[in-house]
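J.: Provided herewith: protein-v2.cif, mmCIF, C-alpha atoms.
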data_protein
#
loop_
_atom_site.label_atom_id
_atom_site.label_comp_id
_atom_site.auth_asym_id
_atom_site.auth_seq_id
_atom_site.Cartn_x
_atom_site.Cartn_y
_atom_site.Cartn_z
CA MET A 259 2.15 -2.37 -33.63
CA ASN A 260 -1.33 -1.51 -32.43
CA LYS A 261 -1.91 -0.46 -28.83
CA VAL A 262 -5.38 0.96 -29.33
CA VAL A 263 -8.08 0.04 -26.82
CA ALA A 264 -11.76 0.97 -27.10
CA ASN A 265 -12.20 3.41 -24.28
CA ALA A 266 -11.24 4.42 -20.73
CA LYS A 267 -12.99 1.43 -19.19
CA ALA A 268 -10.95 -0.96 -21.31
CA ALA A 269 -7.77 1.05 -20.72
CA ILE A 270 -7.91 0.79 -16.91
CA GLN A 271 -8.33 -3.01 -16.88
CA GLY A 272 -5.87 -4.43 -14.38
CA ILE A 273 -5.85 -1.42 -12.04
CA GLU A 274 -6.67 -2.88 -8.63
CA ASP A 275 -7.16 -1.68 -5.06
CA ASN A 276 -4.01 -0.42 -3.31
CA MET A 277 -1.99 0.15 -6.47
CA THR A 278 0.25 3.15 -7.14
CA LEU A 279 -0.78 5.40 -10.03
CA MET A 280 0.87 8.36 -11.71
CA LEU A 281 -1.52 10.88 -13.24
CA GLY A 282 -0.28 13.62 -15.56
CA GLY A 283 -1.41 17.22 -15.49
CA PHE A 284 -0.70 20.52 -13.78
CA GLY A 285 -3.72 21.85 -11.93
CA LEU A 286 -6.59 20.90 -14.23
CA CYS A 287 -4.45 21.40 -17.35
CA GLY A 288 -3.62 18.22 -19.24
CA ILE A 289 -5.30 15.78 -16.85
CA PRO A 290 -6.60 12.38 -18.06
CA GLU A 291 -10.30 13.22 -17.60
CA ASN A 292 -11.67 10.03 -19.16
CA CYS A 293 -9.57 7.65 -17.07
CA ILE A 294 -10.30 9.56 -13.85
CA SER A 295 -14.04 9.14 -14.55
CA ALA A 296 -13.51 5.43 -15.25
CA LEU A 297 -11.61 5.00 -11.97
CA VAL A 298 -14.48 6.68 -10.11
CA GLU A 299 -16.98 4.39 -11.80
CA ALA A 300 -14.91 1.26 -11.09
CA ASN A 301 -14.66 2.39 -7.44
CA ILE A 302 -11.07 1.20 -7.08
CA LYS A 303 -9.88 2.05 -3.57
CA GLY A 304 -6.76 2.47 -1.46
CA LEU A 305 -4.89 4.16 -4.29
CA THR A 306 -1.57 5.93 -3.94
CA CYS A 307 -1.67 8.75 -6.48
CA ILE A 308 1.44 10.57 -7.71
CA SER A 309 0.29 13.80 -9.30
CA ASN A 310 1.55 17.38 -9.05
CA ASN A 311 -1.84 18.53 -7.72
CA ALA A 312 -5.02 16.98 -6.36
CA GLY A 313 -7.60 18.65 -8.58
CA VAL A 314 -10.40 20.81 -7.19
CA ASP A 315 -13.33 19.66 -5.06
CA ASP A 316 -15.54 18.58 -7.96
CA PHE A 317 -13.11 17.92 -10.80
CA GLY A 318 -9.90 16.05 -11.56
CA LEU A 319 -8.52 13.95 -8.72
CA GLY A 320 -11.00 15.72 -6.43
CA LEU A 321 -13.57 13.27 -7.79
CA LEU A 322 -11.56 10.30 -6.44
CA LEU A 323 -11.04 12.09 -3.12
CA GLN A 324 -14.78 12.69 -2.75
CA LYS A 325 -15.34 8.92 -2.89
CA ARG A 326 -12.40 8.22 -0.54
CA GLN A 327 -10.62 6.16 -3.19
CA ILE A 328 -7.21 7.69 -2.46
CA LYS A 329 -5.14 6.49 0.50
CA LYS A 330 -2.05 8.57 -0.19
CA MET A 331 -1.15 11.54 -2.37
CA ILE A 332 2.37 12.39 -3.52
CA SER A 333 2.25 15.97 -4.82
CA SER A 334 3.97 19.34 -4.76
CA TYR A 335 0.98 21.65 -4.32
CA VAL A 336 -2.48 20.80 -3.04
CA GLY A 337 -4.24 24.14 -2.49
CA GLU A 338 -7.66 24.86 -4.02
CA ASN A 339 -9.24 21.68 -2.63
CA ASP A 340 -11.22 21.87 0.63
CA GLU A 341 -12.06 18.16 0.77
CA PHE A 342 -8.37 17.34 0.38
CA GLU A 343 -7.47 19.67 3.25
CA ARG A 344 -10.17 18.18 5.45
CA GLN A 345 -9.05 14.59 4.82
CA MET A 346 -5.41 15.53 5.35
CA LEU A 347 -5.96 17.39 8.63
CA SER A 348 -8.22 14.61 9.96
CA GLY A 349 -5.56 12.02 9.12
CA GLU A 350 -7.76 10.06 6.67
CA LEU A 351 -5.40 10.90 3.83
CA GLU A 352 -1.65 10.39 3.88
CA VAL A 353 0.21 13.18 2.06
CA ASP A 354 3.80 13.38 0.90
CA LEU A 355 4.65 16.88 -0.33
CA ILE A 356 7.81 17.18 -2.40
CA PRO A 357 9.33 20.04 -4.39
CA GLN A 358 7.94 20.28 -7.91
CA GLY A 359 11.29 19.99 -9.67
CA SER A 360 12.22 16.97 -7.55
CA LEU A 361 8.84 15.38 -8.34
CA ALA A 362 9.36 15.88 -12.08
CA GLU A 363 12.92 14.56 -11.95
CA ARG A 364 11.97 11.59 -9.77
CA CYS A 365 9.42 10.52 -12.39
CA ARG A 366 11.90 11.08 -15.21
CA ALA A 367 14.57 9.13 -13.31
CA GLY A 368 12.13 6.28 -12.64
CA GLY A 369 11.47 5.92 -16.33
CA ALA A 370 15.10 6.40 -17.34
CA GLY A 371 16.62 3.73 -15.08
CA VAL A 372 18.32 6.20 -12.75
CA PRO A 373 17.53 4.93 -9.23
CA ALA A 374 18.30 8.20 -7.38
CA PHE A 375 19.96 11.60 -7.79
CA PHE A 376 21.22 14.50 -5.68
CA THR A 377 19.49 17.88 -5.79
CA PRO A 378 19.94 21.11 -3.80
CA ALA A 379 16.14 21.55 -3.55
CA GLY A 380 14.88 21.13 0.00
CA TYR A 381 18.25 21.08 1.76
CA GLY A 382 17.86 22.44 5.30
CA THR A 383 14.05 21.98 5.24
CA GLU A 384 11.55 19.32 6.37
CA VAL A 385 11.92 17.73 2.94
CA ALA A 386 15.51 16.73 3.76
CA LEU A 387 14.64 14.83 6.95
CA GLY A 388 16.11 11.32 6.84
CA LYS A 389 17.75 11.88 3.45
CA GLU A 390 21.46 11.54 2.73
CA VAL A 391 23.28 14.87 2.33
CA ARG A 392 26.36 15.20 0.18
CA TYR A 393 28.42 18.21 -0.88
CA PHE A 394 29.23 18.83 -4.52
CA ASN A 395 31.28 21.92 -5.46
CA GLY A 396 30.96 23.07 -1.86
CA LYS A 397 27.16 23.06 -1.93
CA PRO A 398 24.87 20.69 0.02
CA HIS A 399 22.53 18.37 -1.88
CA ILE A 400 20.02 15.75 -0.77
CA LEU A 401 19.46 12.28 -2.21
CA GLU A 402 16.08 11.77 -3.86
CA ASN A 403 14.86 8.36 -5.05
CA ALA A 404 13.27 7.68 -8.41
CA LEU A 405 9.51 7.09 -8.59
CA THR A 406 7.70 4.45 -10.61
CA ALA A 407 4.06 3.35 -10.68
CA ASP A 408 1.98 0.27 -11.40
CA PHE A 409 0.12 2.36 -13.96
CA ALA A 410 0.88 5.81 -15.36
CA ILE A 411 -2.05 7.63 -16.95
CA VAL A 412 -1.32 10.54 -19.26
CA LYS A 413 -3.29 12.85 -21.53
CA ALA A 414 -2.03 14.04 -24.91
CA TRP A 415 -3.42 16.10 -27.76
CA LYS A 416 -2.64 13.65 -30.59
CA GLY A 417 -1.44 10.10 -30.64
CA ASP A 418 -1.11 7.19 -33.06
CA PRO A 419 -1.62 3.41 -32.67
CA MET A 420 2.10 2.97 -31.89
CA GLY A 421 1.66 5.22 -28.87
CA ASN A 422 3.61 8.20 -30.21
CA LEU A 423 2.29 11.34 -28.53
CA VAL A 424 2.13 15.06 -29.19
CA PHE A 425 1.03 17.47 -26.45
CA LYS A 426 -0.52 20.91 -26.83
CA GLY A 427 0.55 24.02 -24.95
CA THR A 428 1.34 23.80 -21.26
CA ALA A 429 -0.84 20.67 -21.05
CA ARG A 430 2.47 18.85 -21.61
CA ASN A 431 3.79 19.49 -18.04
CA PHE A 432 4.28 16.15 -16.18
CA ASN A 433 2.73 13.94 -18.85
CA PRO A 434 5.88 12.96 -20.81
CA LEU A 435 7.78 12.20 -17.57
CA MET A 436 5.08 10.05 -16.03
CA ALA A 437 4.59 8.28 -19.37
CA MET A 438 8.13 6.93 -18.96
CA ALA A 439 7.69 5.77 -15.36
CA GLY A 440 4.65 3.47 -15.50
CA LYS A 441 5.01 -0.32 -15.59
CA ILE A 442 1.96 0.06 -17.81
CA THR A 443 1.26 3.48 -19.29
CA ILE A 444 -2.13 4.49 -20.60
CA ALA A 445 -2.42 7.47 -22.94
CA GLU A 446 -5.76 9.11 -23.61
CA VAL A 447 -5.71 11.50 -26.55
CA GLU A 448 -8.06 14.06 -28.04
CA GLU A 449 -7.29 12.84 -31.52
CA LEU A 450 -6.13 9.35 -32.47
CA VAL A 451 -4.54 9.58 -35.92
CA GLU A 452 -3.42 7.00 -38.49
CA PRO A 453 0.15 5.65 -38.42
CA GLY A 454 2.45 8.03 -40.29
CA GLU A 455 0.29 11.10 -39.78
CA LEU A 456 2.48 12.44 -36.98
CA ASP A 457 5.78 13.88 -38.21
CA PRO A 458 8.55 11.81 -36.54
CA ASN A 459 10.51 15.04 -36.03
CA PHE A 460 7.85 16.45 -33.78
CA ILE A 461 6.95 13.54 -31.50
CA HIS A 462 7.14 14.55 -27.81
CA THR A 463 6.76 11.07 -26.28
CA PRO A 464 8.06 8.07 -28.25
CA GLY A 465 5.55 5.23 -28.46
CA ILE A 466 7.83 2.77 -26.66
CA PHE A 467 6.72 4.26 -23.34
CA ILE A 468 3.01 3.67 -24.04
CA GLN A 469 1.20 0.33 -23.69
CA ARG A 470 -2.44 1.37 -24.23
CA ILE A 471 -3.94 4.29 -26.13
CA PHE A 472 -7.48 5.47 -26.86
CA GLN A 473 -9.31 8.49 -28.13
CA GLY A 474 -11.10 10.18 -25.27
CA VAL A 475 -14.56 11.70 -25.40
CA ASN A 476 -16.38 14.76 -24.02
CA TYR A 477 -13.35 16.68 -22.79
CA GLU A 478 -14.44 19.43 -20.46
CA LYS A 479 -10.96 21.01 -20.04
CA ARG A 480 -12.05 23.14 -17.16
CA ILE A 481 -10.14 26.38 -16.50
CA GLU A 482 -9.08 26.89 -12.89
CA GLN A 483 -8.17 30.60 -12.97
CA ARG A 484 -9.73 32.47 -15.86
CA THR A 485 -7.62 35.60 -16.30
CA VAL A 486 -8.24 37.90 -19.27
CA ARG A 487 -7.59 41.45 -20.44
CA GLN A 488 -10.04 43.69 -22.24
CA LYS A 489 -9.53 44.91 -25.80
CA VAL A 490 -9.03 48.68 -25.83
CA MET B 201 5.13 53.86 1.42
CA LEU B 202 4.69 51.67 -1.65
CA ASP B 203 1.64 49.65 -2.65
CA LYS B 204 1.98 46.26 -4.37
CA LYS B 205 2.30 47.90 -7.77
CA GLY B 206 5.05 50.15 -6.41
CA ILE B 207 7.01 47.14 -5.16
CA ALA B 208 6.66 45.54 -8.61
CA LYS B 209 7.79 48.76 -10.32
CA ARG B 210 10.87 49.02 -8.10
CA ILE B 211 11.88 45.38 -8.76
CA ALA B 212 11.34 45.91 -12.50
CA GLN B 213 14.22 48.44 -12.34
CA GLU B 214 16.54 45.51 -11.54
CA LEU B 215 15.81 43.76 -14.87
CA GLN B 216 18.67 43.59 -17.34
CA ASN B 217 18.57 43.09 -21.07
CA GLY B 218 18.60 39.44 -22.17
CA TRP B 219 17.65 37.98 -18.81
CA TYR B 220 15.40 34.97 -18.34
CA VAL B 221 13.20 35.64 -15.33
CA ASN B 222 10.92 33.47 -13.18
CA LEU B 223 8.14 35.36 -11.39
CA GLY B 224 6.25 33.82 -8.47
CA ILE B 225 2.56 34.18 -7.70
CA GLY B 226 1.23 37.47 -6.25
CA ILE B 227 3.25 40.70 -6.31
CA PRO B 228 6.01 39.18 -8.51
CA THR B 229 3.49 38.50 -11.32
CA LEU B 230 2.85 42.28 -11.56
CA ILE B 231 6.49 42.94 -12.51
CA ALA B 232 5.78 41.82 -16.09
CA ASN B 233 3.67 44.99 -16.48
CA TYR B 234 6.57 47.33 -15.71
CA VAL B 235 9.53 46.12 -17.79
CA PRO B 236 11.56 49.30 -18.50
CA GLU B 237 11.68 50.59 -22.05
CA GLY B 238 14.61 49.23 -24.05
CA ILE B 239 14.93 46.15 -21.83
CA SER B 240 14.07 42.77 -23.34
CA VAL B 241 13.53 39.83 -20.98
CA GLU B 242 11.76 36.47 -21.29
CA PHE B 243 9.51 35.20 -18.54
CA GLN B 244 9.61 31.54 -17.57
CA SER B 245 6.76 29.79 -15.82
CA GLU B 246 7.86 26.57 -14.16
CA ASN B 247 5.01 24.40 -15.40
CA GLY B 248 6.79 24.60 -18.73
CA ILE B 249 6.91 27.77 -20.87
CA LEU B 250 9.53 30.34 -21.80
CA GLY B 251 8.26 33.52 -23.39
CA MET B 252 5.07 33.81 -21.38
CA GLY B 253 2.91 36.67 -22.62
CA PRO B 254 0.04 38.68 -21.12
CA PHE B 255 -3.40 37.34 -20.22
CA PRO B 256 -5.52 36.47 -23.29
CA PHE B 257 -8.28 38.75 -24.53
CA ASP B 258 -11.72 37.95 -23.16
CA GLY B 259 -13.09 35.00 -25.13
CA GLU B 260 -9.67 33.84 -26.37
CA GLU B 261 -8.64 31.88 -23.29
CA ASP B 262 -7.23 28.41 -23.91
CA ALA B 263 -7.45 25.73 -21.19
CA ASP B 264 -4.18 24.30 -22.52
CA MET B 265 -2.28 27.55 -21.90
CA ILE B 266 -1.74 28.38 -18.24
CA ASN B 267 1.06 29.62 -15.98
CA ALA B 268 2.28 28.11 -12.71
CA GLY B 269 -0.45 30.06 -10.89
CA LYS B 270 -2.98 28.19 -13.10
CA GLN B 271 -4.01 31.47 -14.73
CA THR B 272 -4.80 31.55 -18.45
CA ILE B 273 -1.93 33.13 -20.42
CA THR B 274 -0.70 33.69 -23.96
CA ALA B 275 2.67 32.91 -25.54
CA MET B 276 4.87 35.65 -26.99
CA SER B 277 6.18 35.30 -30.52
CA GLY B 278 9.23 33.03 -30.21
CA ALA B 279 8.00 31.30 -27.06
CA CYS B 280 8.69 27.63 -26.41
CA ILE B 281 6.99 24.94 -24.37
CA PHE B 282 8.55 21.95 -22.61
CA ASP B 283 7.92 19.36 -19.92
CA SER B 284 8.32 20.07 -16.20
CA ALA B 285 11.65 18.21 -15.86
CA THR B 286 13.18 20.37 -18.60
CA SER B 287 11.69 23.40 -16.89
CA PHE B 288 13.43 22.59 -13.62
CA ALA B 289 16.64 21.76 -15.47
CA MET B 290 16.59 25.43 -16.51
CA ILE B 291 16.06 26.43 -12.89
CA ARG B 292 18.45 24.01 -11.13
CA GLY B 293 21.01 24.38 -13.90
CA GLN B 294 21.08 28.15 -13.23
CA HIS B 295 20.03 29.16 -16.72
CA ILE B 296 17.52 31.61 -15.22
CA GLN B 297 19.10 34.96 -14.28
CA LEU B 298 16.50 36.20 -11.80
CA THR B 299 13.88 34.65 -9.54
CA VAL B 300 11.34 36.85 -7.75
CA LEU B 301 9.00 35.35 -5.19
CA GLY B 302 6.89 36.23 -2.19
CA ALA B 303 7.56 35.19 1.41
CA MET B 304 5.89 34.92 4.79
CA GLU B 305 9.22 35.40 6.60
CA VAL B 306 12.84 36.17 5.69
CA ALA B 307 15.70 35.90 8.17
CA ASP B 308 18.74 38.19 8.18
CA ASN B 309 20.95 35.27 7.08
CA GLY B 310 18.87 34.83 3.90
CA ASP B 311 16.63 31.97 5.10
CA ILE B 312 13.11 32.07 3.67
CA ALA B 313 9.78 30.56 4.76
CA ASN B 314 6.78 30.71 2.45
CA TRP B 315 5.06 27.34 2.14
CA LYS B 316 3.50 26.14 5.37
CA ILE B 317 1.88 27.34 8.59
CA PRO B 318 1.79 24.25 10.83
CA GLY B 319 -1.76 23.30 11.80
CA LYS B 320 -3.29 26.07 9.67
CA MET B 321 -2.18 26.08 6.09
CA VAL B 322 -0.51 23.27 4.18
CA LYS B 323 -0.77 23.86 0.48
CA GLY B 324 2.67 22.60 -0.48
CA MET B 325 5.86 24.17 -1.73
CA GLY B 326 5.22 23.82 -5.47
CA GLY B 327 8.41 24.88 -7.22
CA ALA B 328 9.57 27.31 -4.52
CA MET B 329 12.14 24.98 -2.92
CA ASP B 330 13.77 24.15 -6.25
CA LEU B 331 13.83 27.83 -7.19
CA VAL B 332 15.38 29.15 -3.99
CA ALA B 333 17.92 26.30 -3.68
CA SER B 334 19.29 26.87 -7.15
CA ALA B 335 18.99 30.50 -8.19
CA ASP B 336 22.00 32.79 -7.75
CA ASN B 337 19.88 35.90 -7.85
CA ILE B 338 16.74 35.81 -5.69
CA ILE B 339 14.65 38.86 -4.84
CA VAL B 340 11.84 38.60 -2.34
CA ALA B 341 8.82 40.86 -2.92
CA MET B 342 6.62 41.26 0.15
CA MET B 343 5.07 43.58 2.70
CA HIS B 344 7.48 44.56 5.47
CA THR B 345 5.05 43.45 8.20
CA ASN B 346 2.15 40.99 8.30
CA LYS B 347 -1.52 41.91 8.71
CA ARG B 348 -1.08 42.13 12.49
CA GLY B 349 1.82 44.56 12.08
CA VAL B 350 4.47 41.99 13.03
CA SER B 351 7.80 42.21 11.21
CA LYS B 352 8.44 39.67 8.42
CA LEU B 353 12.17 40.49 8.42
CA LEU B 354 13.43 38.42 11.30
CA ARG B 355 16.57 37.38 13.15
CA GLN B 356 15.37 33.78 12.59
CA CYS B 357 12.40 32.34 10.73
CA THR B 358 9.70 30.81 12.96
CA LEU B 359 7.85 28.93 10.17
CA PRO B 360 9.11 25.80 8.35
CA LEU B 361 11.84 26.83 5.93
CA THR B 362 11.64 26.82 2.15
CA GLY B 363 15.38 27.37 1.75
CA VAL B 364 18.47 28.31 3.74
CA GLY B 365 20.73 31.32 3.22
CA CYS B 366 19.41 31.96 -0.28
CA VAL B 367 17.71 35.39 -0.39
CA LYS B 368 19.96 38.15 -1.75
CA LYS B 369 17.64 41.16 -1.91
CA ILE B 370 14.27 42.16 -0.47
CA VAL B 371 11.92 44.84 -1.75
CA THR B 372 9.07 45.74 0.60
CA ASN B 373 6.50 48.50 0.87
CA LEU B 374 9.03 50.34 3.09
CA ALA B 375 12.51 49.61 1.77
CA VAL B 376 15.06 47.90 -0.46
CA LEU B 377 17.46 45.76 1.57
CA ASP B 378 20.41 43.51 0.70
CA VAL B 379 21.09 40.37 2.74
CA THR B 380 24.71 40.50 3.97
CA PRO B 381 26.71 38.28 6.36
CA ASN B 382 25.92 40.79 9.13
CA GLY B 383 22.21 41.23 8.49
CA PHE B 384 19.82 43.29 6.37
CA LYS B 385 21.63 46.24 4.81
CA LEU B 386 19.30 49.16 4.12
CA ILE B 387 19.80 50.33 0.53
CA GLU B 388 16.80 52.58 -0.20
CA ARG B 389 13.76 53.99 1.59
CA ALA B 390 10.27 54.00 0.06
CA PRO B 391 8.96 57.51 -0.66
CA GLY B 392 8.06 59.31 2.58
CA VAL B 393 9.36 56.54 4.87
CA SER B 394 12.05 57.33 7.46
CA VAL B 395 14.96 55.16 8.55
CA GLU B 396 13.39 55.06 12.02
CA GLU B 397 10.13 53.63 10.66
CA ILE B 398 12.06 50.94 8.77
CA GLN B 399 14.11 50.15 11.90
CA ALA B 400 10.92 49.84 13.96
CA ALA B 401 9.38 47.42 11.43
CA THR B 402 12.50 45.22 11.17
CA GLU B 403 13.04 42.57 13.84
CA GLY B 404 16.26 41.18 12.32
CA ARG B 405 19.63 42.94 12.39
CA LEU B 406 19.47 46.13 10.29
CA ILE B 407 22.60 47.82 8.98
CA VAL B 408 22.25 51.53 8.23
CA GLU B 409 25.34 53.18 6.74
CA GLY B 410 25.38 56.88 5.82
CA ASP B 411 22.50 58.65 4.12
CA ILE B 412 19.87 56.25 2.76
CA PRO B 413 18.43 57.53 -0.52
CA GLU B 414 14.74 57.48 -1.34
CA MET B 415 13.59 55.16 -4.17
CA LYS B 416 12.83 56.69 -7.52
CA ILE B 417 9.51 55.30 -8.78
CA ASP B 418 7.59 56.68 -11.78
#
Kindly transcribe the structure held in the file into structure tokens.
T.:
Amino acid sequence: MNKVVANAKAAIQGIEDNMTLMLGGFGLCGIPENCISALVEANIKGLTCISNNAGVDDFGLGLLLQKRQIKKMISSYVGENDEFERQMLSGELEVDLIPQGSLAERCRAGGAGVPAFFTPAGYGTEVALGKEVRYFNGKPHILENALTADFAIVKAWKGDPMGNLVFKGTARNFNPLMAMAGKITIAEVEELVEPGELDPNFIHTPGIFIQRIFQGVNYEKRIEQRTVRQKV
Amino acid sequence: MLDKKGIAKRIAQELQNGWYVNLGIGIPTLIANYVPEGISVEFQSENGILGMGPFPFDGEEDADMINAGKQTITAMSGACIFDSATSFAMIRGQHIQLTVLGAMEVADNGDIANWKIPGKMVKGMGGAMDLVASADNIIVAMMHTNKRGVSKLLRQCTLPLTGVGCVKKIVTNLAVLDVTPNGFKLIERAPGVSVEEIQAATEGRLIVEGDIPEMKID
């Protein structure tokens, strides 16, 4: 099986205005940089983006926000982005904020064929408005629906033509979950290796969840908060 | 009165051997610097790492290694990395023994607000709602009053809630308090702070029983 496409431009073929996308990453860590650039270039508009964060003003999903390509964001935390805040407060951008664990599980559920689940997170808060409440073991829980997307776009460290993926460090985050929940899932990888090079015992995302894969170029991997200690 | 480091040092005294601990952004992050000698704990960061270590040395930072505050970190020997759903399975499934986080307001029934100021600040809740809804053992680390001198320990929260009836203990620059069915119970005073000063800075119900000892901080 060979799912390899040439580049980001080829990978995003079929993404159209007003579609729903999932984009992996936490902050700027593990984001699909190449596909984000290709989406900016293709100027696809009216997008609903499911992503834990919204990038910063001039990087990550911030690049799509700058060009007003996003209609709605579904995220858990959107600080660190002035343009995002401006568009949200002015009403140009629709925003659905949901707890991080619920976001992760909703993506996982979407990919795993579980249509909804109960969680204690958000009970008694704004997040619970309009949602069914049920008690389990004496404790209140709210019903959360699974999420799926027309396209999921993830970033991995290594991948093979079958779509098997290995992530590096905390760049794993939402990527394996979103990979499962796309009708079509695109994986961009730093290193595309030959079949058989990845040890089957150490695959993080099985290739069955991936439809298109390519080796990305020119990764910037920007650091959002550089914190260091000095050698004594 | 304690500074932020003092609050972190006092909370570090609560750590028990073998615990898995989730530290929020701000004062809670400092607790990792004051783990008592002889106590071994592992720090979890909810983006997906157990066994989080200190910041990297200058020049050794790795964009693929960050904590939930998006700061560059290292991994301790024996650390492990996982996806965000597994991370919150650890949290919701109550496999984490202690959660420490900051707050804008805490009510005397254990309600907490720390994610939104309507019309002013909407950054999102991140993992805070999952953490407070699930953890058995939640300590809030915060200043007793806000920058305008208004109490953050209230009869009722005024800001949108993060969780209901979940906070068990609060450590502030003035005091250690437990949340009980009848309000905030004063457990310890910060060095040099009187019961009267704590009472004056607490808007919620405060229970003072007998002599209140002063904290012991190195």
J.: Per residue of chain A within 7 Å of chain B, note the shortest atom pair and the distance in Å to one decimal, counting all atoms listed in the file, and order the rows by chain and increasing residue number, as CSV.
T.:
residue,atom,partner,partner_atom,distance
A:Gly285,CA,B:Lys270,CA,6.5
A:Cys287,CA,B:Asp264,CA,5.9
A:Gly288,CA,B:Asp264,CA,6.9
A:Ser334,CA,B:Gly326,CA,4.7
A:Tyr335,CA,B:Gly324,CA,4.3
A:Val336,CA,B:Lys323,CA,5.0
A:Gly337,CA,B:Lys323,CA,4.6
A:Leu355,CA,B:Gly324,CA,6.1
A:Pro357,CA,B:Gly327,CA,5.7
A:Gln358,CA,B:Gly327,CA,4.7
A:Gly359,CA,B:Phe288,CA,5.2
A:Ala362,CA,B:Ala285,CA,5.0
A:Glu363,CA,B:Ala285,CA,5.5
A:Pro378,CA,B:Ala333,CA,5.6
A:Ala379,CA,B:Asp330,CA,4.4
A:Gly380,CA,B:Met329,CA,5.6
A:Tyr381,CA,B:Gly363,CA,6.9
A:Gly382,CA,B:Val364,CA,6.1
A:Thr383,CA,B:Leu361,CA,5.4
A:Lys426,CA,B:Asp264,CA,6.6
A:Gly427,CA,B:Asp264,CA,5.3
A:Thr428,CA,B:Met265,CA,5.3
A:Ala429,CA,B:Asp264,CA,5.1
A:Arg430,CA,B:Asp283,CA,5.7
A:Asn431,CA,B:Asp283,CA,4.5
A:Phe432,CA,B:Ser284,CA,5.6
A:Pro434,CA,B:Asp283,CA,6.8
A:Lys479,CA,B:Ala263,CA,6.0
A:Arg480,CA,B:Ala263,CA,6.6
A:Ile481,CA,B:Ala263,CA,5.4
A:Glu482,CA,B:Lys270,CA,6.2
A:Gln483,CA,B:Gln271,CA,4.6
A:Arg484,CA,B:Thr272,CA,5.6
A:Thr485,CA,B:Thr272,CA,5.4
A:Val486,CA,B:Phe255,CA,5.0
A:Arg487,CA,B:Phe257,CA,4.9
A:Gln488,CA,B:Phe257,CA,5.7
A:Lys489,CA,B:Phe257,CA,6.4
J.: Evaluate the PyMOL selection byres ((chain B and resi 344-354) around 8) on the structure here and hand back the selected residues as a tab-separated table (two decimals) with C-alpha atoms, in the coordinates of the input.
T.:
chain	number	residue	atom	x	y	z
B	304	MET	CA	5.89	34.92	4.79
B	305	GLU	CA	9.22	35.40	6.60
B	306	VAL	CA	12.84	36.17	5.69
B	307	ALA	CA	15.70	35.90	8.17
B	308	ASP	CA	18.74	38.19	8.18
B	342	MET	CA	6.62	41.26	0.15
B	343	MET	CA	5.07	43.58	2.70
B	355	ARG	CA	16.57	37.38	13.15
B	356	GLN	CA	15.37	33.78	12.59
B	357	CYS	CA	12.40	32.34	10.73
B	372	THR	CA	9.07	45.74	0.60
B	373	ASN	CA	6.50	48.50	0.87
B	374	LEU	CA	9.03	50.34	3.09
B	401	ALA	CA	9.38	47.42	11.43
B	402	THR	CA	12.50	45.22	11.17
B	403	GLU	CA	13.04	42.57	13.84
B	404	GLY	CA	16.26	41.18	12.32
B	405	ARG	CA	19.63	42.94	12.39
J.: Calculate how many Å separate CA of Ile387 in chain B from CA of Ile338 in chain B, rounding to one decimal.
T.: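 Taking CA of Ile387 in chain B and CA of Ile338 in chain B, their separation equals 16.1 Å.
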J.: Name the residues that the PyMOL selection byres ((chain B and resi 396) around 12) picks from the file above, as a ChimeraX atom specification, using the file's chain letters and numbers.
T.: /B:374-375,386,389,392-395,397-402,406,408,412
J.: Written as a ChimeraX atom specification, what is the full residue list that the PyMOL selection byres ((chain A and resi 402) around 6) yields on the file shown?
T.: /A:374-375,401,403
J.: Compare A:Glu384, A:Glu478, A:Glu299, A:Asp418 by their minimum atom-to-atom distance to Gly454 in chain A, counting all atoms listed in the file, and give me the closest one.
T.: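 Among the listed residues, the smallest separation from Gly454 in chain A belongs to A:Asp418.
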J.: Please, what distance in Å, to one decimal, runs between CA of Asn276 in chain A and CA of Val447 in chain A?
T.: 26.2 Å
J.: By how many Å are CA of Leu281 in chain A and CA of Thr406 in chain A apart?
T.: 11.5 Å
J.: Here is a test: counting only C-alpha atoms, which residue of B:Val241, B:Ile407, B:Ile370, B:Ile417 is nearest to Ala341 in chain B?
T.: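 Counting only C-alpha atoms, the residue closest to Ala341 in chain B is B:Ile370.
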J.: Just the residues within 10 Å of Val451 in chain A, please, counting all atoms listed in the file, with nothing from its chain fewer than 2 positions along; format it as a PDB file with C-alpha atoms, in the coordinates of the input.
T.:
ATOM      1  CA  LYS A 416      -2.640  13.650 -30.590  1.00  0.00           C
ATOM      2  CA  GLY A 417      -1.440  10.100 -30.640  1.00  0.00           C
ATOM      3  CA  ASP A 418      -1.110   7.190 -33.060  1.00  0.00           C
ATOM      4  CA  PRO A 419      -1.620   3.410 -32.670  1.00  0.00           C
ATOM      5  CA  VAL A 447      -5.710  11.500 -26.550  1.00  0.00           C
ATOM      6  CA  GLU A 448      -8.060  14.060 -28.040  1.00  0.00           C
ATOM      7  CA  GLU A 449      -7.290  12.840 -31.520  1.00  0.00           C
ATOM      8  CA  PRO A 453       0.150   5.650 -38.420  1.00  0.00           C
ATOM      9  CA  GLY A 454       2.450   8.030 -40.290  1.00  0.00           C
ATOM     10  CA  GLU A 455       0.290  11.100 -39.780  1.00  0.00           C
ATOM     11  CA  LEU A 456       2.480  12.440 -36.980  1.00  0.00           C
ATOM     12  CA  GLN A 473      -9.310   8.490 -28.130  1.00  0.00           C
TER      13      GLN A 473
END
J.: Please determine, counting all atoms listed in the file, which residue among B:Ala335, B:Ile312, B:Gly293, B:Ala303 has the shortest atom-to-atom distance to Asn222 in chain B.
T.: B:Ala335
